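Visitor: Below are the structure tokens for one structure; questions will follow.
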Amino acid sequence: MVEELTQAEAAVAACVDAPAWALTEPDLVAALDTAHRLEQRLAAVQLALVRELDGRGTAQAQGASSTAVWLRDRLRLTVSAARRLVDLAGALDAGAPGVRAALASGDISVEQARVIGDTVRTVHNAAGAEAADKAVGVLVGWAGQFEPTVLRKLGTRILDHVAPEVADAAARAALEAEARRCDRDRHVTLSELSDGRLRLSGTLDAEAGGLLRAAIDPLTAPSGPDDARTPGQRRHDALADLCRLTLRTGELPEHGGEPAQIVVTTSFDTLARQLDAGTLDTCPRLTPETVRRLACDAAILPAVLSSTSQTLDVGRQRRLITGPLRRALVLRDRGCAFPGCDRPPRWCDAHHIHHWADGGNTSLTNAVLLCGHHHRHIHHGDWTIRPGNDGHPDFIPPAWLDPEQIPRRNVYHQRT
């Protein structure tokens with residue numbers, strides 16, 4: 001086998017440098033199909049090797065705690081990917097020779113094989129070996145038409161085709177097994193990057209996924225015709241808005257004896273003259289512009305220090321727009337006041353038009369409601385805001401957008 005694999009590797013290596021541009025379109029498609037089929041056949045070989053190594057106890061003999069850990073170090077995989085490899089190798093070896101044969105022939109993909117193996121195991125437990133063999137044939141046939149996610153959904157009703165007499169009971173068992181799998185696999189990982197950003201990854205179960213979508217989807221629509229954010233950026237900002245709203249409710253449990261909050265540490269000169277950066281209590285540093293924007297939010301407590309690092313202010317109520325003043329602001333603006341925005345009040349920050357650090361007072365005429373996106377836009381963009389004669393805020397566009405800089409207002413909320 002080693003000799004044959006070495007020859008196959010040399011043949012594939014020769015294809016790497018072959019000029020794909022020289023192929024006709026039909027030949028390109030045929031080459032792609034062949035490469036995909038070859039990938040699945042090689043996967044079948046790899047799974048057989050993994051199963052044999054696992055059975056021999058090679059990993060433990062070489063000092064690893066498990067085959068998955070050994071594969072992680074040997075093949076430079078993640079532990080979860082290595083564990084899936086070991087699990088699939090065992091499943092194909094134990095009870096699904098038809099699935100192994102379909103993968104070896106390149107008729108199904110590795111992910112399809114994993115789905116079929118899971119489904120066949122459920123069928124075997126519910127209806128026996130004969131029904132399981134029938135299920136393999138049906139599922140392999142479906143795999144020629146459907147990708148793994150759809151195949152898994154179809155597999156929940158496979159007993160209707162191979163063992164209708166036990167289908168209802170088995171469907172309940174399959175649903176319970178799926179629920180256990182989702183419960184086992186649920187996780188969220190927060191990984192801090194070197195520049196202070198946070199990488200968010202994970203898998204939500206169906207209930208948590210539904211809750212997240214229900215909460216985040218209304219916030220991901222473009223905020224107006226000038227919203228140039230990508231869908232991914234809009235989802236990012238919507239998640240941040242969701243966190244702001246949750247912090248603002250005051251209903252989160254205490255953390256370390258204190259209400260859940262963000263603390264930004266900065267000097268007065270930084271806040272007033274934008275000279276340097278601020279620092280979150282979780283250590284990442286922030287630009288002066290970001291510090292000034294965060295200082296507007298009553299749910300985020302700025303800790304302002306003197307030049308001798310003495311605390312001058314930690315979220316004094318006289319500076320924050322809270323209580324009756326915020327209620328009056330909501331009654332006036334009815335939502336984000338930026339022209340064209342439809343965000344409701346609960347998603348908005350209270351922004352000082354003339355910043356507190358620059359001598360601005362905390363009053364209704366010096367305040368405006370802005371959603372998270374437009375709050376950032378105002379702090380980092382060229383728009384300016386000034387109170388109108390009637391007390392409502394006027395937004396002055398930058399000259400590059402409107403050379404005449406005609407004041408604009410949000411009339412969306414005034415219609416409601």
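Chain identifiers are assigned as A, B, and so on, following the order in which chains appear in the structure tokens; residues are numbered from 1 within each chain, and ligands are numbered from 1 in order of appearance.
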Leaving out A:Ala43 and any residue of its chain fewer than 3 positions from it, which residues lie within 10 Å of it when counting only C-alpha atoms, given as a list in words?
Guide: Arg37, Leu38, Glu39, Gln40, Gln46, Leu47, Ala48, Leu49, Leu85, Ala89, Leu103, Ala104, Gly106, Ser109 and Val110 of chain A
Visitor: If you count only C-alpha atoms, which residues fall within 8 Å of stretch 177-188 of chain A, apart from same-chain ones fewer than 6 positions away, as a PyMOL selection string?
Guide: chain A and resi 200-206
Visitor: Near stretch 404-412 of chain A, counting only C-alpha atoms, which residues have an atom at most 6 Å away, once you skip same-chain residues fewer than 5 positions from it, shown as a list in words?
Guide: Ala337, Phe338, Pro339, Gly340, Asp394, Phe395, Ile396, Pro397 and Ala399 of chain A
Visitor: Rounded to one decimal, what separation in Å do you get between atom CA of A:Ile216 and atom CA of A:Asp382?
Guide: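 Taking atom CA of A:Ile216 and atom CA of A:Asp382, their separation equals 28.4 Å.
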Visitor: With only C-alpha atoms as the counted atoms, please give the residues lying no more than 9 Å from A:Val69, apart from itself and same-chain residues fewer than 6 positions off, as a short mmCIF file (atom, residue, chain, number, x, y, z; two decimals) with N, CA and C atoms, in the first residue's frame.
Guide:
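After the write, around12.cif holds the following:
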data_model
loop_
_atom_site.label_atom_id
_atom_site.label_comp_id
_atom_site.auth_asym_id
_atom_site.auth_seq_id
_atom_site.Cartn_x
_atom_site.Cartn_y
_atom_site.Cartn_z
N ALA A 59 -1.19 5.04 19.36
CA ALA A 59 -1.09 6.34 20.02
C ALA A 59 -0.61 6.19 21.46
N THR A 78 -6.92 20.05 14.46
CA THR A 78 -7.52 20.41 15.74
C THR A 78 -7.97 19.12 16.41
N VAL A 79 -8.12 19.16 17.73
CA VAL A 79 -8.55 17.96 18.45
C VAL A 79 -9.93 17.54 17.99
N ALA A 82 -9.67 15.77 14.67
CA ALA A 82 -9.06 14.45 14.85
C ALA A 82 -10.05 13.48 15.49
N ARG A 83 -10.82 13.96 16.45
CA ARG A 83 -11.80 13.09 17.11
C ARG A 83 -12.89 12.65 16.12
#
Visitor: Check stretch 83-213 of chain A with DSSP on the backbone and list each residue it calls helix (DSSP H, G or I), as a ChimeraX atom specification.
Guide: /A:83-95,97-104,110-127,129-143,148-155,159-162,164-185,206-213
Visitor: For a test of reading the model, state the distance in Å between atom CA of A:Ala31 and atom CA of A:Leu139, rounded to one decimal.
Guide: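 One can read the atom CA of A:Ala31 to atom CA of A:Leu139 distance as 26.0 Å.
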Visitor: Applying 12 Å and only C-alpha atoms, which residues near A:Asp390 remain after dropping the ones on its own chain fewer than 3 positions away? List them as a list in words.
Guide: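 The filter keeps Arg332, Leu364, Thr365, Arg386, Pro387, Pro393 and Asp394 of chain A.
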Visitor: Pick from A:Pro398, A:His392, A:Ser65, A:Phe146: nearest to A:Ile378, with only C-alpha atoms counted?
Guide: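 Ranking A:Pro398, A:His392, A:Ser65, A:Phe146 by distance to A:Ile378, first place goes to A:Pro398.
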Visitor: So, with only C-alpha atoms as the atoms that count, which of A:Asp226, A:Glu25, A:Asp107, A:Glu4 lies closest to A:Ala44?
Guide: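 Nearest candidate to A:Ala44 out of A:Asp226, A:Glu25, A:Asp107, A:Glu4: A:Asp107.
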Visitor: Set the distance at 10 Å and use only C-alpha atoms: which residues neighbour stretch 151-163 of chain A once local chain neighbours fewer than 3 positions away are removed? I'd like the list as an NGL selection string.
Guide: :A and (112 or 114-116 or 118-120 or 122-123 or 126-128 or 130-140 or 142-148 or 166-175 or 178)
Visitor: Would you work out the distance separating atom CA of A:Arg197 from atom CA of A:Asp358, expressed in Å to one decimal?
Guide: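 Computing the Euclidean distance for atom CA of A:Arg197 and atom CA of A:Asp358 yields 29.1 Å.
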